[in-house]
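Enquirer: Structure incoming, see below.
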Amino acid sequence: MNQLVNISTLYDLSGQVAIVTGGAEGMGKETCRFLASAGAAVAVADINLPWAQKTAGDIVAAGGKAQAYQVDLGSEQSVVELVRAVRADQGRLDILVNVAGLQDREFLEETSVELWDKLHHVNLRGSFLTIREAAKVMKADGNGGRIVNIASMGAVHPIFEGLVAYNASKSGVLGLTRNAAYELAAHGITVNALLPGNVTTEGQARSPGPPIDMEKIKHMTPPLGRTGKTSDIASAILFLVAPASQWMTGQTLVVDGGHLIK
C-alpha cells in the first residue's frame, strides 16, 4: 500500500467517445481539444458545420481523434439523428458535454415571449433531448457514462442585466441535472453541472441585445483577479468526465474565479 498513485490514469479517456455540443468555438472548442488530448474520440457537434469541421480538422492535424457533426438543438429529430450517427460511426458513447446555448439579452420588461421560448427551447429543452438520447445508448451499452451540462453562475447569482430569460433557462438546467443524475445513477451514469463565471467568448460578443457594459465588468473582477478563460472551463469539464470524479453526481461545480464569495 506504499505505492504512489498513477495520477495519469485518473484523467485518461483512451478508447472513449465524447459528444460535445457547441463544439465549434469558444468553450466548446476548447473542451473538444482537452478531451481529445486525454485520448477521447470527440464528436464536434454544432449547428455551424463548417466551423465544427475546422475544429475537428485542427484536432486531427494535432494527432487527436475528432469528427464533425451538424446538430440543431431546437430540433428533436436533429438531436436523435446526432446521437444515432455518433453511436453508429464510433461504436459507443461514453461522454456527453452540453456546451451549446444561446445568450440573447433583453431587459425584463422588454423580454418577449418569443425570446423567452427561444432560449428555453435551445438551452433547456435541447439539453434535455441530448441527455435523453445519450442515456438510452449508455444504458443499452452497459458501460456507464459521464454527462456534464454547462449552466451559468447567473443561474444562482445574476451579475448582468438583460439575462432574465437566459438565467431562467440555466436554472432549469440545474433541476434537469439533479433529476437525471438521480434516475441514471443505478446505471453507472453520472450527471453534473458546471457553472462558469464571466468568460469572454466570440459567441457572447455576437449575442443580440443590450451590450454588456465593459466598464462594469472591470469593476466586477473576481477575487482571483481576472475574467475566465475557455481553458479554465475545459479543464474543469475534463475533471467531471474523467475517472477522477467517478463518485460525483448531481452536483454543481462553480468555476468563477471566486466571484460568488466576493
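Just so we're on the same page: first chain in the C-alpha cells is A, next is B, and so on; residues restart at 1 for each chain, and ligands are numbered from 1 in the order they show up.
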Which polymer residues have any atom within 10 Å of an atom of range 43-49 of chain A, counting only C-alpha atoms, with same-chain residues fewer than 2 positions away left out, as a PyMOL selection string?

Expert: chain A and resi 17-25+28-29+31-33+36+40-41+51-56+65-74+78-79+82-83+85-86+89-90+93+95-96+98-100

Enquirer: Go ahead and save the picked residues with N, CA and C atoms, as a compact mmCIF listing (two decimals), in the first residue's frame.

Expert:
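So out.txt came out as:
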```txt
# COMPACT_ATOMS: atom_id res chain seq x y z
N VAL A 17 -15.60 7.67 -26.26
CA VAL A 17 -16.19 8.55 -27.29
C VAL A 17 -17.02 9.63 -26.61
N ALA A 18 -16.80 10.87 -27.02
CA ALA A 18 -17.48 12.01 -26.39
C ALA A 18 -18.21 12.86 -27.42
N ILE A 19 -19.41 13.27 -27.09
CA ILE A 19 -20.13 14.28 -27.87
C ILE A 19 -20.01 15.60 -27.12
N VAL A 20 -19.61 16.64 -27.83
CA VAL A 20 -19.57 17.99 -27.26
C VAL A 20 -20.44 18.88 -28.13
N THR A 21 -21.59 19.33 -27.59
CA THR A 21 -22.42 20.25 -28.36
C THR A 21 -21.86 21.65 -28.24
N GLY A 22 -22.03 22.44 -29.29
CA GLY A 22 -21.42 23.76 -29.30
C GLY A 22 -19.91 23.66 -29.42
N GLY A 23 -19.44 22.58 -30.05
CA GLY A 23 -18.01 22.31 -30.09
C GLY A 23 -17.22 23.09 -31.11
N ALA A 24 -17.88 23.92 -31.90
CA ALA A 24 -17.19 24.60 -32.99
C ALA A 24 -16.34 25.78 -32.54
N GLU A 25 -16.68 26.39 -31.40
CA GLU A 25 -15.95 27.58 -30.98
C GLU A 25 -16.04 27.75 -29.46
N GLY A 28 -16.78 25.31 -26.03
CA GLY A 28 -16.99 24.00 -26.63
C GLY A 28 -15.77 23.53 -27.40
N LYS A 29 -15.18 24.42 -28.17
CA LYS A 29 -13.98 24.08 -28.95
C LYS A 29 -12.83 23.69 -28.03
N THR A 31 -13.07 22.56 -25.02
CA THR A 31 -13.42 21.29 -24.39
C THR A 31 -13.09 20.12 -25.31
N CYS A 32 -13.41 20.27 -26.59
CA CYS A 32 -13.06 19.22 -27.56
C CYS A 32 -11.56 18.98 -27.56
N ARG A 33 -10.79 20.04 -27.52
CA ARG A 33 -9.33 19.93 -27.54
C ARG A 33 -8.81 19.21 -26.30
N ALA A 36 -9.86 15.42 -26.40
CA ALA A 36 -9.04 14.70 -27.38
C ALA A 36 -7.63 14.52 -26.85
N ALA A 40 -9.78 10.80 -25.84
CA ALA A 40 -11.12 10.51 -26.33
C ALA A 40 -11.23 10.80 -27.81
N ALA A 41 -12.12 10.06 -28.47
CA ALA A 41 -12.54 10.40 -29.83
C ALA A 41 -13.73 11.35 -29.68
N TRP A 51 -17.62 25.33 -39.23
CA TRP A 51 -16.78 25.63 -38.07
C TRP A 51 -16.48 24.36 -37.29
N ALA A 52 -17.46 23.47 -37.18
CA ALA A 52 -17.24 22.20 -36.50
C ALA A 52 -16.19 21.38 -37.24
N GLN A 53 -16.25 21.41 -38.56
CA GLN A 53 -15.27 20.69 -39.37
C GLN A 53 -13.87 21.27 -39.18
N LYS A 54 -13.79 22.58 -39.04
CA LYS A 54 -12.49 23.22 -38.80
C LYS A 54 -11.93 22.78 -37.44
N THR A 55 -12.76 22.77 -36.42
CA THR A 55 -12.31 22.33 -35.09
C THR A 55 -11.86 20.88 -35.13
N ALA A 56 -12.66 20.02 -35.75
CA ALA A 56 -12.30 18.60 -35.84
C ALA A 56 -11.01 18.43 -36.64
N LYS A 65 -8.28 12.51 -32.17
CA LYS A 65 -9.38 11.89 -32.90
C LYS A 65 -10.62 12.77 -32.79
N ALA A 66 -11.18 13.14 -33.93
CA ALA A 66 -12.37 14.00 -33.91
C ALA A 66 -13.11 13.90 -35.23
N GLN A 67 -14.41 14.09 -35.16
CA GLN A 67 -15.26 14.11 -36.35
C GLN A 67 -16.36 15.13 -36.13
N ALA A 68 -16.69 15.88 -37.16
CA ALA A 68 -17.70 16.92 -37.06
C ALA A 68 -19.08 16.38 -37.37
N TYR A 69 -20.06 16.91 -36.64
CA TYR A 69 -21.47 16.56 -36.87
C TYR A 69 -22.30 17.84 -36.76
N GLN A 70 -23.31 17.94 -37.61
CA GLN A 70 -24.21 19.09 -37.50
C GLN A 70 -25.41 18.73 -36.65
N VAL A 71 -25.78 19.64 -35.75
CA VAL A 71 -26.96 19.41 -34.92
C VAL A 71 -27.65 20.73 -34.64
N ASP A 72 -28.96 20.71 -34.67
CA ASP A 72 -29.79 21.85 -34.28
C ASP A 72 -30.52 21.45 -33.01
N LEU A 73 -30.11 22.01 -31.88
CA LEU A 73 -30.70 21.62 -30.60
C LEU A 73 -32.16 22.01 -30.48
N GLY A 74 -32.62 22.87 -31.37
CA GLY A 74 -34.03 23.23 -31.37
C GLY A 74 -34.90 22.19 -32.04
N SER A 78 -33.17 16.30 -35.09
CA SER A 78 -31.75 16.55 -35.30
C SER A 78 -30.92 15.95 -34.15
N VAL A 79 -31.41 16.09 -32.93
CA VAL A 79 -30.69 15.54 -31.78
C VAL A 79 -30.70 14.02 -31.82
N LEU A 82 -28.23 12.92 -34.37
CA LEU A 82 -26.84 13.12 -33.94
C LEU A 82 -26.36 11.94 -33.10
N VAL A 83 -27.10 11.60 -32.07
CA VAL A 83 -26.68 10.52 -31.17
C VAL A 83 -26.64 9.19 -31.92
N ALA A 85 -26.06 8.78 -35.12
CA ALA A 85 -24.93 8.79 -36.04
C ALA A 85 -23.60 8.57 -35.32
N VAL A 86 -23.43 9.22 -34.17
CA VAL A 86 -22.19 9.06 -33.42
C VAL A 86 -22.04 7.61 -32.95
N ASP A 89 -21.14 5.50 -36.02
CA ASP A 89 -19.80 5.77 -36.56
C ASP A 89 -18.70 5.31 -35.61
N GLN A 90 -18.90 5.54 -34.32
CA GLN A 90 -17.83 5.32 -33.34
C GLN A 90 -17.96 4.01 -32.57
N LEU A 93 -20.72 5.28 -26.98
CA LEU A 93 -20.84 6.66 -26.50
C LEU A 93 -20.64 6.64 -24.99
N ILE A 95 -19.42 9.78 -23.20
CA ILE A 95 -19.42 11.12 -22.61
C ILE A 95 -20.31 12.05 -23.42
N LEU A 96 -21.09 12.85 -22.72
CA LEU A 96 -21.86 13.94 -23.35
C LEU A 96 -21.57 15.21 -22.58
N ASN A 98 -22.83 19.14 -22.72
CA ASN A 98 -23.75 20.11 -23.29
C ASN A 98 -23.22 21.52 -23.09
N VAL A 99 -22.51 22.02 -24.10
CA VAL A 99 -21.98 23.37 -24.03
C VAL A 99 -22.86 24.36 -24.80
N ALA A 100 -23.44 23.92 -25.90
CA ALA A 100 -24.18 24.81 -26.80
C ALA A 100 -25.31 25.53 -26.06
```

Enquirer: Quick one: pull the distance between CA of Gly126 in chain A and CA of Ala155 in chain A, Å, one decimal.

Expert: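 A separation of 17.1 Å between them.
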
Enquirer: Which residues of range 123-165 of chain A have any atom within 8 Å of an atom in range 224-246 of chain A when counting only C-alpha atoms, and what is the closest pair of atoms for each, with the distance in Å to one decimal? Order the rows by chain and rising number and write it as a Markdown table.

Expert:
```
| residue | atom | partner | partner_atom | distance |
| --- | --- | --- | --- | --- |
| A:Arg146 | CA | A:Val241 | CA | 5.3 |
| A:Ile147 | CA | A:Val241 | CA | 7.1 |
| A:Val148 | CA | A:Leu240 | CA | 7.0 |
```

Enquirer: Generate a file of the selected residues that holds N, CA, C and O atoms, formatted as a PDB file, in the first residue's frame.

Expert:
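Dumped to part_7.pdb:
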```pdb
ATOM      1  N   ARG A 146     -20.655   9.520 -18.582  1.00  0.00           N
ATOM      2  CA  ARG A 146     -20.483  10.826 -17.942  1.00  0.00           C
ATOM      3  C   ARG A 146     -21.254  11.867 -18.740  1.00  0.00           C
ATOM      4  O   ARG A 146     -21.082  11.975 -19.964  1.00  0.00           O
ATOM      5  N   ILE A 147     -22.071  12.645 -18.056  1.00  0.00           N
ATOM      6  CA  ILE A 147     -22.802  13.743 -18.689  1.00  0.00           C
ATOM      7  C   ILE A 147     -22.506  15.012 -17.908  1.00  0.00           C
ATOM      8  O   ILE A 147     -22.606  15.033 -16.678  1.00  0.00           O
ATOM      9  N   VAL A 148     -22.137  16.065 -18.621  1.00  0.00           N
ATOM     10  CA  VAL A 148     -21.881  17.365 -17.996  1.00  0.00           C
ATOM     11  C   VAL A 148     -22.703  18.421 -18.731  1.00  0.00           C
ATOM     12  O   VAL A 148     -22.645  18.525 -19.959  1.00  0.00           O
TER      13      VAL A 148
END
```

Enquirer: From range 56-125 of chain A, collect each residue whose DSSP state is strand (DSSP E or B) and return the set as a list in words.

Expert: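 Selection result, strand (DSSP E or B) within range 56-125 of chain A: Lys65, Ala66, Gln67, Ala68, Tyr69, Gln70, Ile95, Leu96, Val97, Asn98 and Glu106 of chain A.
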
Enquirer: Could you dump the residues just selected with all heavy atoms as an mmCIF file, in the first residue's frame?

Expert:
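Result saved to selection.cif:
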```cif
data_model
loop_
_atom_site.group_PDB
_atom_site.id
_atom_site.type_symbol
_atom_site.label_atom_id
_atom_site.label_comp_id
_atom_site.auth_asym_id
_atom_site.auth_seq_id
_atom_site.Cartn_x
_atom_site.Cartn_y
_atom_site.Cartn_z
ATOM 1 N N LYS A 65 -8.283 12.508 -32.168
ATOM 2 C CA LYS A 65 -9.379 11.887 -32.905
ATOM 3 C C LYS A 65 -10.622 12.767 -32.789
ATOM 4 O O LYS A 65 -11.054 13.094 -31.680
ATOM 5 C CB LYS A 65 -9.682 10.498 -32.340
ATOM 6 C CG LYS A 65 -8.519 9.523 -32.443
ATOM 7 C CD LYS A 65 -8.864 8.190 -31.787
ATOM 8 C CE LYS A 65 -7.703 7.216 -31.834
ATOM 9 N NZ LYS A 65 -8.031 5.938 -31.145
ATOM 10 N N ALA A 66 -11.184 13.142 -33.928
ATOM 11 C CA ALA A 66 -12.366 14.001 -33.911
ATOM 12 C C ALA A 66 -13.107 13.897 -35.233
ATOM 13 O O ALA A 66 -12.505 13.638 -36.275
ATOM 14 C CB ALA A 66 -11.976 15.450 -33.646
ATOM 15 N N GLN A 67 -14.411 14.095 -35.160
ATOM 16 C CA GLN A 67 -15.256 14.115 -36.347
ATOM 17 C C GLN A 67 -16.362 15.132 -36.129
ATOM 18 O O GLN A 67 -16.901 15.247 -35.023
ATOM 19 C CB GLN A 67 -15.847 12.727 -36.616
ATOM 20 C CG GLN A 67 -16.661 12.629 -37.900
ATOM 21 C CD GLN A 67 -17.051 11.191 -38.214
ATOM 22 O OE1 GLN A 67 -16.430 10.250 -37.735
ATOM 23 N NE2 GLN A 67 -18.090 11.016 -39.021
ATOM 24 N N ALA A 68 -16.686 15.875 -37.160
ATOM 25 C CA ALA A 68 -17.699 16.924 -37.059
ATOM 26 C C ALA A 68 -19.084 16.384 -37.373
ATOM 27 O O ALA A 68 -19.253 15.536 -38.256
ATOM 28 C CB ALA A 68 -17.365 18.069 -38.002
ATOM 29 N N TYR A 69 -20.063 16.906 -36.643
ATOM 30 C CA TYR A 69 -21.469 16.565 -36.873
ATOM 31 C C TYR A 69 -22.296 17.839 -36.759
ATOM 32 O O TYR A 69 -22.034 18.677 -35.892
ATOM 33 C CB TYR A 69 -21.969 15.566 -35.826
ATOM 34 C CG TYR A 69 -21.305 14.215 -35.874
ATOM 35 C CD1 TYR A 69 -20.085 13.999 -35.225
ATOM 36 C CD2 TYR A 69 -21.893 13.153 -36.552
ATOM 37 C CE1 TYR A 69 -19.469 12.757 -35.257
ATOM 38 C CE2 TYR A 69 -21.289 11.897 -36.578
ATOM 39 C CZ TYR A 69 -20.076 11.711 -35.942
ATOM 40 O OH TYR A 69 -19.468 10.485 -35.979
ATOM 41 N N GLN A 70 -23.305 17.944 -37.605
ATOM 42 C CA GLN A 70 -24.210 19.092 -37.502
ATOM 43 C C GLN A 70 -25.407 18.726 -36.646
ATOM 44 O O GLN A 70 -25.975 17.638 -36.774
ATOM 45 C CB GLN A 70 -24.684 19.536 -38.884
ATOM 46 C CG GLN A 70 -25.496 20.832 -38.862
ATOM 47 C CD GLN A 70 -25.755 21.361 -40.264
ATOM 48 O OE1 GLN A 70 -26.041 20.598 -41.179
ATOM 49 N NE2 GLN A 70 -25.638 22.664 -40.433
ATOM 50 N N ILE A 95 -19.421 9.784 -23.197
ATOM 51 C CA ILE A 95 -19.419 11.122 -22.607
ATOM 52 C C ILE A 95 -20.313 12.051 -23.417
ATOM 53 O O ILE A 95 -20.290 12.034 -24.656
ATOM 54 C CB ILE A 95 -17.990 11.702 -22.587
ATOM 55 C CG1 ILE A 95 -17.067 10.856 -21.693
ATOM 56 C CG2 ILE A 95 -17.978 13.160 -22.146
ATOM 57 C CD1 ILE A 95 -15.594 11.159 -21.880
ATOM 58 N N LEU A 96 -21.085 12.854 -22.718
ATOM 59 C CA LEU A 96 -21.857 13.936 -23.345
ATOM 60 C C LEU A 96 -21.573 15.215 -22.578
ATOM 61 O O LEU A 96 -21.708 15.248 -21.357
ATOM 62 C CB LEU A 96 -23.360 13.637 -23.304
ATOM 63 C CG LEU A 96 -24.284 14.809 -23.644
ATOM 64 C CD1 LEU A 96 -24.133 15.218 -25.115
ATOM 65 C CD2 LEU A 96 -25.739 14.469 -23.326
ATOM 66 N N VAL A 97 -21.177 16.254 -23.300
ATOM 67 C CA VAL A 97 -20.984 17.568 -22.694
ATOM 68 C C VAL A 97 -21.869 18.567 -23.427
ATOM 69 O O VAL A 97 -21.692 18.815 -24.625
ATOM 70 C CB VAL A 97 -19.509 18.033 -22.758
ATOM 71 C CG1 VAL A 97 -19.357 19.351 -22.004
ATOM 72 C CG2 VAL A 97 -18.577 16.977 -22.171
ATOM 73 N N ASN A 98 -22.827 19.136 -22.717
ATOM 74 C CA ASN A 98 -23.754 20.111 -23.292
ATOM 75 C C ASN A 98 -23.220 21.521 -23.089
ATOM 76 O O ASN A 98 -23.431 22.134 -22.041
ATOM 77 C CB ASN A 98 -25.134 19.978 -22.635
ATOM 78 C CG ASN A 98 -25.936 18.834 -23.197
ATOM 79 O OD1 ASN A 98 -26.029 18.669 -24.410
ATOM 80 N ND2 ASN A 98 -26.517 18.022 -22.330
ATOM 81 N N GLU A 106 -32.316 40.696 -23.252
ATOM 82 C CA GLU A 106 -33.328 41.754 -23.236
ATOM 83 C C GLU A 106 -33.628 42.090 -21.785
ATOM 84 O O GLU A 106 -33.629 41.198 -20.928
ATOM 85 C CB GLU A 106 -34.621 41.319 -23.938
ATOM 86 C CG GLU A 106 -34.568 41.300 -25.446
ATOM 87 C CD GLU A 106 -34.389 42.677 -26.077
ATOM 88 O OE1 GLU A 106 -34.532 43.681 -25.342
ATOM 89 O OE2 GLU A 106 -34.115 42.747 -27.288
#
```

Enquirer: Which value, in Å to one decimal, gives the distance between CA of Arg125 in chain A and CA of Arg178 in chain A?

Expert: 15.2 Å

Enquirer: Could you please write out, as a PyMOL selection string, every residue of range 59-252 of chain A that DSSP assigns to alpha helix (DSSP H)?

Expert: chain A and resi 59-61+76-90+113-119+126-141+164-184+202-206+214-218+230-241

Enquirer: Which residue gives the smallest distance to Ser169 in chain A among A:Leu119, A:Val254, A:Met153, A:Leu4, with only C-alpha atoms counted?

Expert: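 Smallest separation from Ser169 in chain A among the options: A:Leu119.
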
Enquirer: Which of these residues is nearest to Ala165 in chain A, using only C-alpha atoms: A:Asp141, A:Glu114, A:Glu133, A:Thr177?

Expert: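 Ranked by minimum distance to Ala165 in chain A, first place goes to A:Glu114.
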
Enquirer: Rank A:Ala186, A:Val5, A:Ala180, A:Leu102 by their smallest atom-to-atom distance to Asn143 in chain A, using only C-alpha atoms, and report the top residue only.

Expert: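 Using only C-alpha atoms, Asn143 in chain A sits closest to A:Ala186.
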
Enquirer: Using only C-alpha atoms, which residues sit within 6 Å of Asn192 in chain A once same-chain residues fewer than 6 positions away are excluded, as number ranges by chain?

Expert: A: 148, 249-251

Enquirer: In terms of the shortest atom-to-atom distance over only C-alpha atoms, which of A:Val42, A:Ile261, A:Ala151, A:Val137 is closest to Arg87 in chain A?

Expert: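 Checking each candidate against Arg87 in chain A, we get A:Val137 as the closest.
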
Enquirer: Measure the distance from CA of Gly145 in chain A to CA of Arg92 in chain A in Å and round it to one decimal.

Expert: 10.5 Å

Enquirer: Please provide the set of residues having any atom within 12 Å of Asn179 in chain A, restricted to only C-alpha atoms, with same-chain residues fewer than 4 positions apart removed, written as a PyMOL selection string.

Expert: chain A and resi 128+131-132+172-175+183-185+190-193+249-251

Enquirer: For the selection you just gave me, I'd like the residues written to a file as an mmCIF file, in the first residue's frame, keeping N, CA, C and O atoms.

Expert:
```cif
data_model
loop_
_atom_site.group_PDB
_atom_site.id
_atom_site.type_symbol
_atom_site.label_atom_id
_atom_site.label_comp_id
_atom_site.auth_asym_id
_atom_site.auth_seq_id
_atom_site.Cartn_x
_atom_site.Cartn_y
_atom_site.Cartn_z
ATOM 1 N N PHE A 128 -32.154 18.658 -22.441
ATOM 2 C CA PHE A 128 -32.987 17.507 -22.096
ATOM 3 C C PHE A 128 -32.951 16.457 -23.197
ATOM 4 O O PHE A 128 -32.784 15.255 -22.939
ATOM 5 N N ILE A 131 -29.538 14.632 -23.386
ATOM 6 C CA ILE A 131 -29.394 13.718 -22.250
ATOM 7 C C ILE A 131 -30.276 12.493 -22.447
ATOM 8 O O ILE A 131 -29.839 11.349 -22.224
ATOM 9 N N ARG A 132 -31.496 12.709 -22.853
ATOM 10 C CA ARG A 132 -32.420 11.586 -23.053
ATOM 11 C C ARG A 132 -31.869 10.580 -24.057
ATOM 12 O O ARG A 132 -31.846 9.369 -23.804
ATOM 13 N N GLY A 172 -33.108 26.078 -14.944
ATOM 14 C CA GLY A 172 -33.785 24.837 -15.306
ATOM 15 C C GLY A 172 -32.799 23.713 -15.565
ATOM 16 O O GLY A 172 -33.070 22.544 -15.252
ATOM 17 N N VAL A 173 -31.654 24.050 -16.133
ATOM 18 C CA VAL A 173 -30.619 23.046 -16.390
ATOM 19 C C VAL A 173 -30.148 22.404 -15.082
ATOM 20 O O VAL A 173 -29.834 21.219 -15.041
ATOM 21 N N LEU A 174 -30.116 23.186 -13.999
ATOM 22 C CA LEU A 174 -29.695 22.638 -12.710
ATOM 23 C C LEU A 174 -30.697 21.594 -12.214
ATOM 24 O O LEU A 174 -30.308 20.536 -11.717
ATOM 25 N N GLY A 175 -31.990 21.881 -12.343
ATOM 26 C CA GLY A 175 -33.005 20.904 -11.958
ATOM 27 C C GLY A 175 -32.945 19.666 -12.841
ATOM 28 O O GLY A 175 -33.085 18.532 -12.357
ATOM 29 N N GLU A 183 -31.960 9.487 -11.617
ATOM 30 C CA GLU A 183 -32.506 8.374 -12.384
ATOM 31 C C GLU A 183 -31.426 7.493 -13.002
ATOM 32 O O GLU A 183 -31.638 6.284 -13.186
ATOM 33 N N LEU A 184 -30.294 8.066 -13.330
ATOM 34 C CA LEU A 184 -29.278 7.322 -14.080
ATOM 35 C C LEU A 184 -28.176 6.727 -13.210
ATOM 36 O O LEU A 184 -27.343 5.961 -13.690
ATOM 37 N N ALA A 185 -28.163 7.065 -11.928
ATOM 38 C CA ALA A 185 -27.087 6.608 -11.052
ATOM 39 C C ALA A 185 -26.976 5.086 -11.014
ATOM 40 O O ALA A 185 -25.867 4.530 -11.005
ATOM 41 N N THR A 190 -23.042 9.236 -14.455
ATOM 42 C CA THR A 190 -23.049 10.424 -13.612
ATOM 43 C C THR A 190 -23.478 11.635 -14.430
ATOM 44 O O THR A 190 -23.196 11.732 -15.624
ATOM 45 N N VAL A 191 -24.175 12.550 -13.771
ATOM 46 C CA VAL A 191 -24.641 13.776 -14.419
ATOM 47 C C VAL A 191 -24.331 14.942 -13.489
ATOM 48 O O VAL A 191 -24.820 14.989 -12.357
ATOM 49 N N ASN A 192 -23.521 15.855 -13.945
ATOM 50 C CA ASN A 192 -23.145 17.019 -13.148
ATOM 51 C C ASN A 192 -23.274 18.296 -13.981
ATOM 52 O O ASN A 192 -23.326 18.243 -15.215
ATOM 53 N N ALA A 193 -23.315 19.419 -13.296
ATOM 54 C CA ALA A 193 -23.408 20.708 -13.976
ATOM 55 C C ALA A 193 -22.203 21.566 -13.621
ATOM 56 O O ALA A 193 -21.722 21.544 -12.482
ATOM 57 N N THR A 249 -21.993 12.908 -8.523
ATOM 58 C CA THR A 249 -23.126 13.020 -9.434
ATOM 59 C C THR A 249 -24.184 13.929 -8.829
ATOM 60 O O THR A 249 -24.299 14.035 -7.603
ATOM 61 N N GLY A 250 -24.923 14.597 -9.692
ATOM 62 C CA GLY A 250 -25.959 15.527 -9.250
ATOM 63 C C GLY A 250 -25.412 16.804 -8.647
ATOM 64 O O GLY A 250 -26.133 17.526 -7.951
ATOM 65 N N GLN A 251 -24.145 17.118 -8.924
ATOM 66 C CA GLN A 251 -23.502 18.263 -8.292
ATOM 67 C C GLN A 251 -23.372 19.456 -9.240
ATOM 68 O O GLN A 251 -23.424 19.308 -10.461
#
```

Enquirer: Which one is closest to Leu163 in chain A: A:His120, A:Arg105, A:Gly15, A:Gly63? Count only C-alpha atoms.

Expert: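 Using only C-alpha atoms, Leu163 in chain A sits closest to A:Arg105.
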
Enquirer: Could you tell me which of A:Asp58, A:Gly188, A:Ser14, A:Glu81 comes closest to Glu30 in chain A if we count only C-alpha atoms?

Expert: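 For Glu30 in chain A, the nearest of the candidates is A:Asp58.
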